[in-house]
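Q: Handing you this structure, nothing more for now.
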Amino acid sequence: VAKPKRGKSNKNKKSFRGFGKVPEALIDRAPPPEELCVCQSGKTYGECCKPFHDREDWPATPLVLARSRYSAYAYRLPDWIIDSTHKSNPDWKGQRSKWQRELIGFCDGFTYEALEILEETPGAHEDEAYLEFIARLRAANAPSEAPKGVKQTLRRVKMHGASDVASADFRERSRFLREDGKWFYVSGDVDFDPEVTLERPDPVKARKAAEAEAEPSARADAEKKSEE
């Protein structure tokens, strides 16, 4: 009896970076256009985030971009998350397929229940901005049955004394940059205790302070030249 042929090894599909098996296909969970968008803008998906996800338009502000990224996580759309991320982001990867799989693991590991916008602040120049928000997530499965990557996130939440073991709520202050007329997500300071106000420098005050420090030196140089 001939031995059955051995299939190809699944060695590279085991870990999925802690999120379980690699999905067979990139199937999204986008709703019909007439359904309310999960980003909680109050608009339907068709008039809210769908044009961005379909690349028919680009968000005009960091707030709109943040909403479109949140809904992309909820709707399992990793390509939009990648395309709207600035290349200076520490998680930006050259291997797009690998990054897709990691993002899908996060998309599938949680349910996305609410997005609360807290504060928008300008950056040091007109092409920089900051946005603070709270995202409310829950583990899609019982914590004991969740993939490794989801468990790691839940452990970080538990460190802050959260009583709900399935909750993964977090507070983030995101930085955005505009290049060639398009806003991109750059990075974010995250705290898994949503009640904590993230400490951060005020970029406008920092710029004014730098200008104030430079002014005496510039004045001294001008006086020196006039004496000469």
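Please note that chains go A, B, ... in the order of the structure tokens, that every chain numbers its residues from 1, and that ligands are numbered from 1 in the order shown.
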Mind running stretch 104-127 of chain A against stretch 178-183 of chain A at 12 Å and telling me each contacting residue's nearest atom pair with the distance in Å (one decimal), counting only C-alpha atoms, chain and number ascending, as a tab-separated table?
A:
```
residue	atom	partner	partner_atom	distance
A:Gly123	CA	A:Arg178	CA	11.0
A:His125	CA	A:Arg178	CA	10.2
A:Glu126	CA	A:Arg178	CA	8.4
A:Asp127	CA	A:Arg178	CA	4.8
```
Q: Enter the distance from atom CA of A:Pro59 to atom CA of A:Tyr75, in Å, rounded to one decimal.
A: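 Distance between the two atoms: 17.5 Å.
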Q: Which of these, A:Ala66, A:Gln40, A:Ala74, A:Trp80, has the shortest distance to A:Glu172 once you count only C-alpha atoms?
A: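 Going through A:Ala66, A:Gln40, A:Ala74, A:Trp80 one by one, the smallest distance to A:Glu172 is for A:Ala66.
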Q: Run DSSP on the backbone and tell me which residues of stretch 14-154 of chain A come out as alpha helix (DSSP H); list them as an MDAnalysis selection string.
A: chainID A and resid 50:53 62:74 78:83 96:109 148:154
Q: Using only C-alpha atoms, which protein or nucleic acid residues come within 6 Å of stretch 128-132 of chain A? Drop anything in the same chain fewer than 3 positions from it, and give the result as a PDB file with C-alpha atoms, in the first residue's frame.
A:
```
ATOM      1  CA  LEU A 118     -12.382  63.496  24.227  1.00  0.00           C
ATOM      2  CA  GLU A 119     -10.196  66.277  22.860  1.00  0.00           C
ATOM      3  CA  GLU A 120      -8.610  67.588  19.683  1.00  0.00           C
ATOM      4  CA  THR A 121      -5.477  69.749  19.948  1.00  0.00           C
ATOM      5  CA  PRO A 122      -3.249  71.361  17.305  1.00  0.00           C
ATOM      6  CA  GLY A 123       0.353  70.341  16.889  1.00  0.00           C
ATOM      7  CA  HIS A 125       2.587  73.240  12.929  1.00  0.00           C
ATOM      8  CA  GLU A 172      -5.215  56.928  23.719  1.00  0.00           C
ATOM      9  CA  ARG A 173      -3.707  60.210  22.642  1.00  0.00           C
ATOM     10  CA  SER A 174      -2.922  59.854  18.949  1.00  0.00           C
ATOM     11  CA  ARG A 175      -0.567  61.919  16.823  1.00  0.00           C
ATOM     12  CA  PHE A 176      -1.376  62.664  13.186  1.00  0.00           C
ATOM     13  CA  LEU A 177       0.641  64.175  10.347  1.00  0.00           C
TER      14      LEU A 177
END
```
Q: Show me, as a ChimeraX atom specification, the residues that have an atom within 7 Å of stretch 48-57 of chain A when counting only C-alpha atoms, minus same-chain residues fewer than 5 positions from it.
A: /A:37,43,68,80
Q: Kindly give the distance, in Å, that separates atom CA of A:Arg76 and atom CA of A:Ala30, rounded to a single decimal.
A: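 Spanning atom CA of A:Arg76 to atom CA of A:Ala30 is a straight-line distance of 7.5 Å.
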Q: Determine the nearest neighbour of A:Arg101 from the options A:Leu65, A:Ala114, A:Leu36, A:Leu77, counting only C-alpha atoms.
A: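 Among A:Leu65, A:Ala114, A:Leu36, A:Leu77, it is A:Leu77 that comes nearest to A:Arg101.
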